[in-house]
file structure-v9.cif (mmCIF, C-alpha atoms and all ligand atoms)
data_entry
loop_
_atom_site.label_atom_id
_atom_site.label_comp_id
_atom_site.auth_asym_id
_atom_site.auth_seq_id
_atom_site.Cartn_x
_atom_site.Cartn_y
_atom_site.Cartn_z
CA MET A 164 -29.04 56.11 -12.55
CA THR A 165 -25.31 55.92 -11.99
CA LEU A 166 -23.50 52.63 -11.56
CA GLU A 167 -22.95 53.57 -7.89
CA MET A 168 -26.67 54.15 -7.33
CA PHE A 169 -27.44 50.92 -9.11
CA TYR A 170 -25.08 48.95 -6.88
CA GLN A 171 -26.32 50.77 -3.79
CA LYS A 172 -29.81 49.41 -4.58
CA LEU A 173 -28.55 45.99 -5.63
CA LEU A 174 -26.26 45.30 -2.67
CA ASN A 175 -28.37 47.29 -0.25
CA PRO A 176 -25.58 47.38 2.38
CA PRO A 177 -26.75 47.86 5.96
CA LYS A 178 -26.45 51.39 7.36
CA PRO A 179 -24.18 53.31 7.64
CA TRP A 180 -22.40 51.68 4.68
CA VAL A 181 -22.86 53.18 1.22
CA VAL A 182 -21.44 52.42 -2.19
CA SER A 183 -18.93 55.12 -3.07
CA LYS A 184 -17.36 53.80 -6.25
CA VAL A 185 -17.88 50.99 -8.78
CA GLU A 186 -15.46 49.77 -11.42
CA LEU A 187 -16.32 47.29 -14.13
CA SER A 188 -13.44 45.50 -15.82
CA GLU A 189 -12.92 45.95 -19.56
CA ASP A 190 -14.37 42.53 -20.44
CA GLY A 191 -17.15 42.75 -17.85
CA SER A 192 -15.97 39.69 -15.96
CA ARG A 193 -15.22 41.54 -12.72
CA VAL A 194 -16.91 44.27 -10.69
CA ASP A 195 -15.13 46.11 -7.88
CA VAL A 196 -17.32 47.97 -5.43
CA TRP A 197 -16.02 50.38 -2.76
CA LEU A 198 -18.01 50.83 0.40
CA THR A 199 -17.62 53.72 2.79
CA HIS A 200 -19.49 55.26 5.70
CA GLU A 201 -20.08 58.59 7.35
CA GLN A 202 -21.27 57.74 10.77
CA TYR A 203 -18.65 57.34 13.47
CA THR A 204 -20.18 54.77 15.79
CA PHE A 205 -19.84 51.01 15.30
CA LEU A 206 -20.43 47.97 17.45
CA CYS A 207 -17.43 46.62 19.32
CA SER A 208 -16.72 43.12 18.03
CA VAL A 209 -16.18 41.83 21.57
CA CYS A 210 -19.24 43.13 23.43
CA GLN A 211 -21.46 44.20 20.52
CA GLU A 212 -21.99 47.60 22.22
CA PRO A 213 -21.72 50.84 20.20
CA ALA A 214 -18.43 52.66 20.47
CA PRO A 215 -16.84 55.60 18.65
CA THR A 216 -14.55 54.96 15.70
CA TYR A 217 -10.87 55.00 16.57
CA ASP A 218 -9.24 54.53 13.16
CA HIS A 219 -9.43 52.39 10.03
CA MET A 220 -7.52 49.31 8.96
CA PRO A 221 -5.88 49.17 5.54
CA GLU A 222 -8.26 48.28 2.72
CA ARG A 223 -9.55 44.69 2.59
CA ILE A 224 -11.11 43.02 -0.43
CA PHE A 225 -13.96 40.53 0.09
CA GLN A 226 -15.32 38.33 -2.68
CA HIS A 227 -19.11 38.60 -2.76
CA LEU A 228 -21.76 36.69 -4.72
CA ASP A 229 -21.49 37.30 -8.46
CA THR A 230 -23.60 40.02 -10.00
CA CYS A 231 -24.78 39.27 -13.55
CA GLU A 232 -22.17 36.50 -13.75
CA SER A 233 -19.38 38.97 -13.00
CA LYS A 234 -17.14 38.18 -10.08
CA THR A 235 -17.88 40.85 -7.51
CA PHE A 236 -15.47 42.21 -4.90
CA LEU A 237 -16.17 44.61 -2.06
CA HIS A 238 -13.40 47.01 -1.00
CA VAL A 239 -13.66 48.17 2.58
CA ARG A 240 -11.50 49.85 5.19
CA LEU A 241 -12.75 48.21 8.34
CA PRO A 242 -13.16 50.57 11.29
CA ARG A 243 -11.63 49.98 14.70
CA VAL A 244 -13.58 51.31 17.66
CA ASN A 245 -12.48 52.63 21.00
CA CYS A 246 -14.67 50.57 23.30
CA PRO A 247 -14.96 51.94 26.87
CA LYS A 248 -14.77 48.34 28.13
CA HIS A 249 -12.35 46.65 25.77
CA GLY A 250 -10.15 49.40 24.40
CA VAL A 251 -9.32 49.54 20.70
CA LYS A 252 -11.07 46.65 18.95
CA GLN A 253 -12.28 45.73 15.51
CA GLY A 254 -15.70 47.24 14.77
CA VAL A 255 -18.45 44.93 13.48
CA PHE A 256 -18.77 44.87 9.69
CA PRO A 257 -22.15 43.26 8.97
CA LEU A 258 -21.24 41.89 5.54
CA ALA A 259 -18.11 39.92 6.35
CA GLY A 260 -16.06 38.59 9.23
CA PRO A 261 -12.44 39.49 9.84
CA TYR A 262 -10.99 36.05 9.14
CA LEU A 263 -11.95 35.22 5.55
CA ASP A 264 -11.64 37.15 2.32
CA VAL A 265 -15.23 36.43 1.34
CA THR A 266 -18.51 37.98 2.49
CA TYR A 267 -20.89 36.05 4.74
CA LYS A 268 -23.22 35.50 1.80
CA MET A 269 -20.44 33.99 -0.30
CA GLU A 270 -19.25 31.94 2.66
CA ALA A 271 -22.76 30.52 3.10
CA LYS A 272 -22.98 29.71 -0.59
CA CYS A 273 -19.61 27.93 -0.56
CA ILE A 274 -20.76 25.84 2.43
CA GLN A 275 -23.96 24.87 0.65
CA VAL A 276 -22.15 23.87 -2.52
CA MET A 277 -19.44 21.96 -0.66
CA GLU A 278 -22.15 20.06 1.25
CA ALA A 279 -23.68 18.96 -2.02
CA CYS A 280 -20.52 18.37 -4.06
CA ASP A 281 -16.94 18.67 -2.93
CA ARG A 282 -14.26 21.29 -2.65
CA SER A 283 -13.22 21.28 -6.32
CA ALA A 284 -16.80 21.55 -7.56
CA ALA A 285 -17.46 24.33 -5.06
CA SER A 286 -14.42 26.15 -6.35
CA ASP A 287 -15.59 25.81 -9.98
CA ILE A 288 -19.14 26.92 -9.20
CA THR A 289 -18.41 29.85 -6.91
CA GLY A 290 -15.10 31.05 -8.34
CA VAL A 291 -13.62 31.05 -4.85
CA SER A 292 -10.27 29.24 -4.87
CA TRP A 293 -9.83 25.66 -3.73
CA GLU A 294 -7.52 26.73 -0.90
CA ARG A 295 -10.04 29.28 0.33
CA GLN A 296 -12.81 26.66 0.26
CA GLY A 297 -10.59 24.78 2.69
CA SER A 298 -10.46 27.74 5.06
CA ILE A 299 -14.23 28.19 4.77
CA MET A 300 -14.74 24.51 5.57
CA LYS A 301 -12.44 24.76 8.58
CA ARG A 302 -14.21 27.83 9.97
CA ALA A 303 -17.61 26.25 9.38
CA VAL A 304 -16.59 23.14 11.34
CA ASP A 305 -15.04 25.17 14.18
CA ARG A 306 -18.24 27.20 14.39
CA GLY A 307 -20.39 24.05 14.29
CA LEU A 308 -18.36 22.37 17.04
CA GLU A 309 -18.57 25.44 19.21
CA ARG A 310 -22.34 25.62 18.77
CA ARG A 311 -22.72 21.91 19.50
CA GLY A 312 -20.80 22.21 22.77
CA ASP A 313 -19.13 19.31 24.47
CA ALA A 314 -22.14 17.25 25.57
CA ILE A 315 -21.35 13.62 24.78
CA PRO A 316 -23.84 11.28 23.10
CA ARG A 317 -25.59 8.86 25.45
CA ILE A 318 -24.65 6.04 23.12
CA LEU A 319 -21.12 6.36 21.78
CA GLY A 320 -19.58 4.46 18.89
CA MET A 321 -15.86 3.87 18.34
CA ASP A 322 -14.67 2.77 14.98
CA GLU A 323 -11.26 2.41 13.38
CA LYS A 324 -10.83 3.63 9.85
CA GLN A 325 -7.93 2.88 7.58
CA VAL A 326 -6.74 5.92 5.71
CA PHE A 327 -4.33 6.59 2.85
CA SER A 328 -2.05 3.66 3.55
CA ARG A 329 -2.16 0.22 5.12
CA HIS A 330 -0.63 1.32 8.34
CA ARG A 331 -2.44 4.52 9.12
CA TYR A 332 -5.63 4.51 11.09
CA PHE A 333 -8.05 7.05 12.45
CA THR A 334 -10.49 6.44 15.25
CA ILE A 335 -13.93 7.77 14.47
CA ILE A 336 -16.11 8.58 17.45
CA THR A 337 -19.73 8.32 16.38
CA ASP A 338 -23.18 9.16 17.66
CA PRO A 339 -25.10 6.13 16.34
CA LEU A 340 -28.51 7.48 17.36
CA ASN A 341 -27.95 10.69 15.45
CA HIS A 342 -26.20 8.88 12.56
CA SER A 343 -23.34 11.32 12.84
CA VAL A 344 -19.63 11.54 13.55
CA TYR A 345 -18.94 13.14 16.91
CA ASP A 346 -15.18 13.47 16.55
CA VAL A 347 -12.19 12.08 14.69
CA ILE A 348 -8.98 11.09 16.47
CA THR A 349 -6.30 11.28 13.82
CA ASP A 350 -3.52 9.62 15.78
CA GLY A 351 -4.27 5.95 15.16
CA ARG A 352 -6.04 3.15 16.94
CA ALA A 353 -3.53 1.93 19.51
CA MET A 354 -4.31 2.78 23.07
CA LYS A 355 -1.25 4.94 23.60
CA ASP A 356 -2.18 7.02 20.52
CA ILE A 357 -5.74 7.82 21.43
CA THR A 358 -5.81 7.88 25.22
CA HIS A 359 -5.32 11.67 25.16
CA TRP A 360 -8.78 12.15 23.62
CA PHE A 361 -10.39 10.14 26.38
CA GLU A 362 -8.39 12.03 29.01
CA GLU A 363 -9.64 15.32 27.55
CA HIS A 364 -13.26 14.19 27.57
CA LYS A 365 -13.18 12.16 30.74
CA ASP A 366 -15.63 14.27 32.76
CA LYS A 367 -18.32 13.78 30.14
CA LEU A 368 -17.55 10.17 29.23
CA ILE A 369 -18.76 9.08 32.66
CA ASP A 370 -22.31 9.72 31.41
CA VAL A 371 -22.07 7.41 28.41
CA GLU A 372 -24.64 4.61 28.82
CA LYS A 373 -23.65 2.36 25.95
CA ALA A 374 -20.45 2.07 23.96
CA ALA A 375 -20.59 0.38 20.56
CA MET A 376 -17.26 -0.77 19.14
CA ASP A 377 -15.25 -3.51 17.50
CA MET A 378 -13.62 -6.26 19.50
CA SER A 379 -10.11 -4.81 19.66
CA ALA A 380 -8.46 -4.87 23.04
CA SER A 381 -7.54 -1.19 23.06
CA TYR A 382 -11.10 0.08 22.59
CA GLY A 383 -12.30 -2.35 25.22
CA SER A 384 -9.78 -1.18 27.80
CA LEU A 385 -10.50 2.48 27.06
CA ALA A 386 -14.21 1.86 27.49
CA VAL A 387 -13.65 0.15 30.84
CA MET A 388 -11.35 2.92 32.01
CA TYR A 389 -13.21 6.02 30.83
CA MET A 390 -16.83 4.90 30.50
CA PRO A 391 -17.36 2.95 33.71
CA ASN A 392 -21.13 3.25 33.43
CA ALA A 393 -21.40 2.16 29.81
CA GLU A 394 -22.62 -1.21 28.71
CA ILE A 395 -20.28 -2.46 25.99
CA CYS A 396 -22.00 -3.40 22.73
CA TYR A 397 -20.60 -5.14 19.66
CA ASP A 398 -22.87 -4.35 16.75
CA HIS A 399 -23.67 -6.43 13.69
CA TYR A 400 -21.17 -4.55 11.53
CA HIS A 401 -18.20 -5.40 13.72
CA VAL A 402 -19.28 -8.98 14.40
CA ILE A 403 -19.65 -9.70 10.70
CA ALA A 404 -16.36 -7.92 9.97
CA THR A 405 -14.66 -10.40 12.33
CA MET A 406 -16.26 -13.30 10.48
CA ASN A 407 -15.46 -11.89 7.05
CA LYS A 408 -11.82 -11.72 8.05
CA ALA A 409 -11.90 -15.41 8.99
CA VAL A 410 -13.64 -16.36 5.72
CA ASP A 411 -10.97 -14.45 3.88
CA GLU A 412 -8.20 -16.32 5.66
CA VAL A 413 -9.77 -19.65 4.71
CA ARG A 414 -10.08 -18.39 1.14
CA LYS A 415 -6.43 -17.35 1.04
CA SER A 416 -5.09 -20.66 2.25
CA ALA A 417 -7.39 -22.49 -0.18
CA GLN A 418 -6.08 -20.31 -2.99
CA ALA A 419 -2.54 -21.55 -2.42
CA LYS A 420 -3.63 -25.18 -2.68
CA ILE A 421 -5.47 -25.05 -6.01
CA VAL A 422 -3.54 -27.06 -8.60
CA ASN A 423 -5.45 -26.34 -11.81
CA GLU A 424 -4.22 -23.02 -13.13
CA GLU A 425 -7.51 -21.93 -14.66
CA ASP A 426 -9.34 -22.71 -11.44
CA ARG A 427 -6.74 -20.82 -9.49
CA ARG A 428 -7.20 -17.71 -11.59
CA MET A 429 -10.97 -17.97 -11.56
CA PHE A 430 -10.97 -18.42 -7.78
CA PHE A 431 -8.73 -15.41 -7.29
CA ARG A 432 -10.89 -13.22 -9.46
CA SER A 433 -13.96 -14.22 -7.44
CA ARG A 434 -12.39 -13.46 -4.07
CA MET A 435 -14.65 -10.48 -3.28
CA THR A 436 -17.84 -12.47 -3.77
CA PHE A 437 -17.30 -14.29 -0.47
CA LEU A 438 -17.65 -11.01 1.40
CA TYR A 439 -21.25 -10.51 0.27
CA GLY A 440 -24.24 -11.61 2.26
CA GLU A 441 -26.40 -14.09 0.37
CA GLU A 442 -29.15 -11.61 -0.47
CA ASN A 443 -26.75 -8.78 -1.38
CA LEU A 444 -24.75 -10.63 -4.01
CA PRO A 445 -25.33 -8.85 -7.34
CA ASP A 446 -26.86 -11.05 -10.05
CA HIS A 447 -23.94 -10.61 -12.41
CA LEU A 448 -21.58 -12.13 -9.83
CA ARG A 449 -23.74 -15.11 -8.96
CA PHE A 450 -22.30 -17.44 -11.59
CA LYS A 451 -18.74 -16.54 -10.61
CA PHE A 452 -19.59 -17.11 -6.98
CA GLU A 453 -21.14 -20.55 -7.52
CA LYS A 454 -18.11 -21.57 -9.56
CA ALA A 455 -15.73 -20.34 -6.86
CA LYS A 456 -17.65 -22.26 -4.21
CA SER A 457 -17.35 -25.43 -6.29
CA ILE A 458 -13.58 -24.94 -6.58
CA SER A 459 -13.01 -24.72 -2.82
CA ALA A 460 -15.38 -26.60 -0.55
CA PRO A 461 -13.71 -25.29 2.66
CA THR A 462 -14.21 -21.67 1.56
CA ALA A 463 -17.82 -22.43 0.69
CA ARG A 464 -18.27 -23.93 4.15
CA ALA A 465 -16.66 -20.94 5.85
CA TRP A 466 -18.98 -18.62 3.96
CA GLU A 467 -22.03 -20.66 4.94
CA ILE A 468 -21.07 -20.51 8.61
CA LYS A 469 -20.76 -16.73 8.32
CA GLU A 470 -24.19 -16.60 6.68
CA LEU A 471 -25.61 -18.71 9.48
CA LEU A 472 -24.27 -16.23 11.99
CA ARG A 473 -26.04 -13.41 10.16
CA GLY A 474 -29.26 -15.24 10.96
CA LEU A 475 -28.73 -14.20 14.57
CA TRP A 476 -30.09 -10.75 13.73
CA ARG A 477 -33.25 -12.29 12.33
CA VAL A 478 -34.02 -14.22 15.50
CA THR A 479 -36.75 -12.80 17.76
CA PRO A 480 -34.77 -10.48 20.01
CA GLU A 481 -35.40 -12.44 23.17
CA GLU A 482 -32.47 -13.43 25.25
CA ALA A 483 -33.24 -17.16 25.53
CA GLU A 484 -33.74 -17.56 21.79
CA LEU A 485 -30.63 -15.58 20.92
CA VAL A 486 -28.54 -17.61 23.35
CA ALA A 487 -29.85 -20.88 21.89
CA TYR A 488 -29.17 -19.77 18.33
CA PHE A 489 -25.64 -18.68 19.14
CA LYS A 490 -24.91 -21.91 21.02
CA LYS A 491 -25.94 -23.99 18.03
CA TRP A 492 -23.93 -21.82 15.69
CA PHE A 493 -20.88 -21.95 17.95
CA TRP A 494 -20.94 -25.75 17.97
CA ARG A 495 -21.11 -25.80 14.19
CA ALA A 496 -18.30 -23.24 13.78
CA THR A 497 -15.96 -24.93 16.22
CA HIS A 498 -16.56 -28.30 14.52
CA SER A 499 -15.93 -26.93 11.04
CA ARG A 500 -12.32 -28.09 10.90
CA LEU A 501 -11.49 -24.59 9.68
CA GLU A 502 -8.98 -23.00 12.02
CA PRO A 503 -9.71 -19.30 11.26
CA ILE A 504 -13.46 -19.92 11.72
CA ARG A 505 -12.85 -21.76 14.99
CA LYS A 506 -10.73 -18.87 16.23
CA ALA A 507 -13.28 -16.26 15.18
CA ALA A 508 -16.05 -18.23 16.87
CA LYS A 509 -14.07 -18.26 20.10
CA THR A 510 -13.47 -14.52 19.85
CA LEU A 511 -17.20 -13.99 19.40
CA LYS A 512 -17.98 -16.23 22.34
CA ARG A 513 -15.66 -14.22 24.56
CA HIS A 514 -17.53 -11.07 23.49
CA TRP A 515 -20.98 -12.64 23.54
CA ALA A 516 -22.33 -10.42 26.33
CA GLY A 517 -21.61 -7.34 24.21
CA ILE A 518 -23.09 -8.87 21.06
CA LEU A 519 -26.24 -9.75 22.96
CA ALA A 520 -26.39 -6.27 24.49
CA ALA A 521 -26.21 -4.63 21.05
CA ILE A 522 -29.09 -6.74 19.74
CA MET A 523 -31.20 -6.29 22.87
CA ASN A 524 -30.60 -2.52 22.81
CA GLY A 525 -31.45 -2.27 19.13
CA ILE A 526 -28.07 -0.79 18.23
CA SER A 527 -28.16 -1.31 14.52
CA ASN A 528 -25.25 -1.20 12.15
CA SER A 529 -26.95 1.13 9.73
CA ALA A 530 -25.34 4.19 11.31
CA THR A 531 -21.83 2.75 11.22
CA GLU A 532 -22.29 1.40 7.71
CA GLY A 533 -23.80 4.62 6.40
CA LEU A 534 -21.05 6.75 7.90
CA ASN A 535 -18.37 4.39 6.63
CA SER A 536 -19.57 4.65 3.06
CA LYS A 537 -19.82 8.43 3.37
CA ILE A 538 -16.24 8.57 4.66
CA GLU A 539 -15.12 6.37 1.75
CA VAL A 540 -16.55 8.96 -0.65
CA ILE A 541 -14.71 11.75 1.17
CA LYS A 542 -11.52 9.69 1.00
CA ARG A 543 -11.88 9.17 -2.74
CA SER A 544 -12.40 12.83 -3.48
CA ALA A 545 -9.72 13.71 -1.00
CA CYS A 546 -6.56 14.25 -2.96
CA GLY A 547 -6.19 17.35 -0.83
CA TYR A 548 -6.75 15.65 2.49
CA ARG A 549 -3.31 14.09 2.77
CA ASN A 550 -3.00 16.33 5.76
CA LYS A 551 -4.78 14.51 8.55
CA ASP A 552 -6.28 17.62 10.14
CA ASN A 553 -7.89 18.55 6.84
CA PHE A 554 -9.31 15.08 6.54
CA ARG A 555 -10.76 15.32 10.05
CA THR A 556 -12.31 18.66 9.12
CA ALA A 557 -13.86 17.17 5.97
CA ILE A 558 -15.34 14.23 7.88
CA LEU A 559 -16.86 16.51 10.50
CA PHE A 560 -18.10 18.87 7.78
CA HIS A 561 -19.92 16.11 5.88
CA CYS A 562 -20.83 13.65 8.65
CA GLY A 563 -20.95 15.75 11.83
CA LYS A 564 -24.51 17.06 11.37
CA LEU A 565 -23.20 20.37 12.66
CA ASP A 566 -24.82 23.78 12.32
CA LEU A 567 -22.26 25.22 9.89
CA MET A 568 -23.74 28.44 8.51
CA PRO A 569 -22.34 31.83 9.43
CA GLU A 570 -24.77 33.79 11.64
CA MET A 571 -25.03 36.75 9.29
CA GLY A 572 -25.14 34.74 6.06
CA ARG A 573 -28.37 32.96 6.90
ZN ZN A 601 -16.44 46.13 23.79
#

call {"tool": "encode", "arguments": {"input": "structure-v9.cif", "output": "structure tokens"}}
result
Amino acid sequence: MTLEMFYQKLLNPPKPWVVSKVELSEDGSRVDVWLTHEQYTFLCSVCQEPAPTYDHMPERIFQHLDTCESKTFLHVRLPRVNCPKHGVKQGVFPLAGPYLDVTYKMEAKCIQVMEACDRSAASDITGVSWERQGSIMKRAVDRGLERRGDAIPRILGMDEKQVFSRHRYFTIITDPLNHSVYDVITDGRAMKDITHWFEEHKDKLIDVEKAAMDMSASYGSLAVMYMPNAEICYDHYHVIATMNKAVDEVRKSAQAKIVNEEDRRMFFRSRMTFLYGEENLPDHLRFKFEKAKSISAPTARAWEIKELLRGLWRVTPEEAELVAYFKKWFWRATHSRLEPIRKAAKTLKRHWAGILAAIMNGISNSATEGLNSKIEVIKRSACGYRNKDNFRTAILFHCGKLDLMPEMGR
């Protein structure tokens, strides 16, 4: 059996393609395979109808799956057809699309590996360059978005995300029921920066029934303007984030007042412990935390009031009971003699209807929290995502729950 016959059997290219030549590199690390055809009819890439061959494009090289651990490349001169309907168009080549220099099979493999690891790992495992993984990711997301269409989730989440530096923000549009990211607005969080997205989607946004978001004024106004039928909901995640901010302010002003130097250092090193919920504090931090609480009574009090608020989500979800619980809590918070806590409590009171709506509608924070931690991972492995469009693509790739695979690579 010749090498050509062997590869003809191994690759088994769809008719009319046949292997015409195979070259193995000296050290066996690379195989080059030439494909050719005899027949003169191909499918038009626009209408998928058969049409006679018009001419051939210059040779293209597509990286295919390795054979026996040797990198394998297919050399092809893609035919152009003369379609009666569309004129001269690219003919369909069943092994690879016209846009990438890899075959569908390799494209599908890269997508699978990138889903499980990241771009660098995918590049190491498949031997397809890091840059090309980026193009594959981009095409996969474009394809996924096109397949998904523009139907908007019934419940829509809006979430700001700090990226790369203190002053840059993205707005993440989520589908909390599906635990997925619907879109990423890379222009910031201020109203003037993101209104264009809402303008573009305005016909669909009318159908949104519930909008889950933080308590920032810009999201609120956008929701009122573009989602007139949506009930506004403030979920657990955003309510507690507001309180954590207040606890942190109390902690900071306490820090400045500590006289004993050792206490001051100890207190500073324990600053993160105040952000934990009681039951989530890791055992190894418990001692530190108790010590920090004993150093600053106001911070300990602020933390306790935040913990009390968390109890709201453990109350029977009946309106009267929730209202009573919040009322009691509000009294306590506003009588705490802690200015940041008082302010936060007032903010929460102003948004109470939305907090209540989120609890009554069972909008949990697990989706937002889960997506946030996933996005953090993407951020950390994202030395290449300095470019905001690439970062958006990566978020949609990993969190969009899109159908990413190429049709022919399945
Ligand atoms: Zn056609």

call {"tool": "residues_near_ligand", "arguments": {"input": "structure-v9.cif", "ligand": "ligand ZN 601 (chain A)", "cutoff": "7 Å", "atoms": "all atoms listed in the file", "output": "PDB file with C-alpha atoms, in the frame of the given file"}}
result
ATOM      1  CA  CYS A 207     -17.430  46.620  19.320  1.00  0.00           C
ATOM      2  CA  SER A 208     -16.720  43.120  18.030  1.00  0.00           C
ATOM      3  CA  VAL A 209     -16.180  41.830  21.570  1.00  0.00           C
ATOM      4  CA  CYS A 210     -19.240  43.130  23.430  1.00  0.00           C
ATOM      5  CA  GLN A 211     -21.460  44.200  20.520  1.00  0.00           C
ATOM      6  CA  GLU A 212     -21.990  47.600  22.220  1.00  0.00           C
ATOM      7  CA  CYS A 246     -14.670  50.570  23.300  1.00  0.00           C
ATOM      8  CA  PRO A 247     -14.960  51.940  26.870  1.00  0.00           C
ATOM      9  CA  LYS A 248     -14.770  48.340  28.130  1.00  0.00           C
ATOM     10  CA  HIS A 249     -12.350  46.650  25.770  1.00  0.00           C
TER      11      HIS A 249
END

call {"tool": "closest_residue", "arguments": {"input": "structure-v9.cif", "among": "A:Asp195, A:Glu484, A:Glu570, A:Glu532", "to": "His399 (chain A)", "atoms": "only C-alpha atoms"}}
result
A:Glu532

call {"tool": "atom_distance", "arguments": {"input": "structure-v9.cif", "atom1": "CA of Leu471 (chain A)", "atom2": "CA of Arg432 (chain A)"}}
result
24.6 Å

call {"tool": "residues_around", "arguments": {"input": "structure-v9.cif", "residues": "region 383-392 of chain A", "least_positions_apart": "3", "cutoff": "6 Å", "atoms": "only C-alpha atoms", "output": "PyMOL selection string"}}
result
chain A and resi 368-369+372+380

call {"tool": "write_last_selection", "arguments": {"input": "structure-v9.cif", "atoms": "C-alpha atoms", "output": "short mmCIF file (atom, residue, chain, number, x, y, z; two decimals), keeping the file's coordinate frame"}}
result
data_model
loop_
_atom_site.label_atom_id
_atom_site.label_comp_id
_atom_site.auth_asym_id
_atom_site.auth_seq_id
_atom_site.Cartn_x
_atom_site.Cartn_y
_atom_site.Cartn_z
CA LEU A 368 -17.55 10.17 29.23
CA ILE A 369 -18.76 9.08 32.66
CA GLU A 372 -24.64 4.61 28.82
CA ALA A 380 -8.46 -4.87 23.04
#

call {"tool": "atom_distance", "arguments": {"input": "structure-v9.cif", "atom1": "CA of Arg513 (chain A)", "atom2": "CA of Val402 (chain A)"}}
result
12.0 Å

call {"tool": "closest_residue", "arguments": {"input": "structure-v9.cif", "among": "A:Trp476, A:Phe560, A:Tyr345, A:Trp494", "to": "Leu519 (chain A)", "atoms": "only C-alpha atoms"}}
result
A:Trp476

call {"tool": "closest_residue", "arguments": {"input": "structure-v9.cif", "among": "A:Lys301, A:Lys454, A:Arg352, A:Arg240", "to": "Leu567 (chain A)", "atoms": "all atoms listed in the file"}}
result
A:Lys301

call {"tool": "closest_residue", "arguments": {"input": "structure-v9.cif", "among": "A:Pro480, A:Pro257, A:Gly320, A:Gly563", "to": "Ala520 (chain A)", "atoms": "all atoms listed in the file"}}
result
A:Pro480

call {"tool": "residues_around", "arguments": {"input": "structure-v9.cif", "residues": "Glu201 (chain A)", "least_positions_apart": "2", "cutoff": "12 Å", "atoms": "all atoms listed in the file", "output": "mmCIF file with C-alpha atoms, in the coordinates of the input"}}
result
data_model
loop_
_atom_site.group_PDB
_atom_site.id
_atom_site.type_symbol
_atom_site.label_atom_id
_atom_site.label_comp_id
_atom_site.auth_asym_id
_atom_site.auth_seq_id
_atom_site.Cartn_x
_atom_site.Cartn_y
_atom_site.Cartn_z
ATOM 1 C CA LYS A 178 -26.450 51.390 7.360
ATOM 2 C CA PRO A 179 -24.180 53.310 7.640
ATOM 3 C CA TRP A 180 -22.400 51.680 4.680
ATOM 4 C CA VAL A 181 -22.860 53.180 1.220
ATOM 5 C CA VAL A 182 -21.440 52.420 -2.190
ATOM 6 C CA SER A 183 -18.930 55.120 -3.070
ATOM 7 C CA LEU A 198 -18.010 50.830 0.400
ATOM 8 C CA THR A 199 -17.620 53.720 2.790
ATOM 9 C CA TYR A 203 -18.650 57.340 13.470
ATOM 10 C CA THR A 204 -20.180 54.770 15.790
ATOM 11 C CA PHE A 205 -19.840 51.010 15.300
ATOM 12 C CA THR A 216 -14.550 54.960 15.700
ATOM 13 C CA PRO A 242 -13.160 50.570 11.290
#

call {"tool": "closest_residue", "arguments": {"input": "structure-v9.cif", "among": "A:Asn524, A:Thr165, A:Ser298, A:Thr462", "to": "Cys396 (chain A)", "atoms": "only C-alpha atoms"}}
result
A:Asn524

call {"tool": "residues_around", "arguments": {"input": "structure-v9.cif", "residues": "region 185-192 of chain A", "least_positions_apart": "4", "cutoff": "9 Å", "atoms": "all atoms listed in the file", "output": "JSON, numbers by chain"}}
result
{"A": [166, 167, 170, 196, 197, 232, 233, 234, 235]}

call {"tool": "atom_distance", "arguments": {"input": "structure-v9.cif", "atom1": "CA of Trp492 (chain A)", "atom2": "CA of Ala409 (chain A)"}}
result
15.2 Å

call {"tool": "closest_residue", "arguments": {"input": "structure-v9.cif", "among": "A:Tyr397, A:Tyr262, A:Phe493, A:Trp466", "to": "Ala516 (chain A)", "atoms": "all atoms listed in the file"}}
result
A:Tyr397

call {"tool": "closest_atom_pairs", "arguments": {"input": "structure-v9.cif", "of": "region 172-272 of chain A", "to": "region 276-294 of chain A", "cutoff": "8 Å", "atoms": "all atoms listed in the file", "output": "tab-separated table"}}
result
residue	atom	partner	partner_atom	distance
A:Gln226	CA	A:Val291	CA	7.8
A:Leu228	CA	A:Thr289	CA	7.9
A:Lys234	CA	A:Gly290	CA	7.6
A:Lys272	CA	A:Val276	CA	6.2

call {"tool": "residues_around", "arguments": {"input": "structure-v9.cif", "residues": "Phe450 (chain A)", "least_positions_apart": "5", "cutoff": "10 Å", "atoms": "all atoms listed in the file", "output": "ChimeraX atom specification"}}
result
/A:433,455-456

call {"tool": "residues_around", "arguments": {"input": "structure-v9.cif", "residues": "region 303-307 of chain A", "least_positions_apart": "3", "cutoff": "9 Å", "atoms": "only C-alpha atoms", "output": "VMD selection string"}}
result
chain A and resid 270 274 298 to 300 310 to 312 556 to 557 559 to 560 563 to 569

call {"tool": "build_atoms", "arguments": {"input": "structure-v9.cif", "residues": "region 353-357 of chain A", "atoms": "N, CA and C atoms", "output": "mmCIF file, keeping the file's coordinate frame"}}
result
data_model
loop_
_atom_site.group_PDB
_atom_site.id
_atom_site.type_symbol
_atom_site.label_atom_id
_atom_site.label_comp_id
_atom_site.auth_asym_id
_atom_site.auth_seq_id
_atom_site.Cartn_x
_atom_site.Cartn_y
_atom_site.Cartn_z
ATOM 1 N N ALA A 353 -4.128 2.567 18.329
ATOM 2 C CA ALA A 353 -3.530 1.930 19.510
ATOM 3 C C ALA A 353 -3.848 2.779 20.724
ATOM 4 N N MET A 354 -3.895 2.108 21.850
ATOM 5 C CA MET A 354 -4.310 2.780 23.070
ATOM 6 C C MET A 354 -3.450 4.004 23.381
ATOM 7 N N LYS A 355 -2.151 3.842 23.232
ATOM 8 C CA LYS A 355 -1.250 4.940 23.600
ATOM 9 C C LYS A 355 -1.471 6.164 22.690
ATOM 10 N N ASP A 356 -1.975 5.907 21.463
ATOM 11 C CA ASP A 356 -2.180 7.020 20.520
ATOM 12 C C ASP A 356 -3.443 7.805 20.808
ATOM 13 N N ILE A 357 -4.439 7.143 21.339
ATOM 14 C CA ILE A 357 -5.740 7.820 21.430
ATOM 15 C C ILE A 357 -6.193 8.121 22.858
#
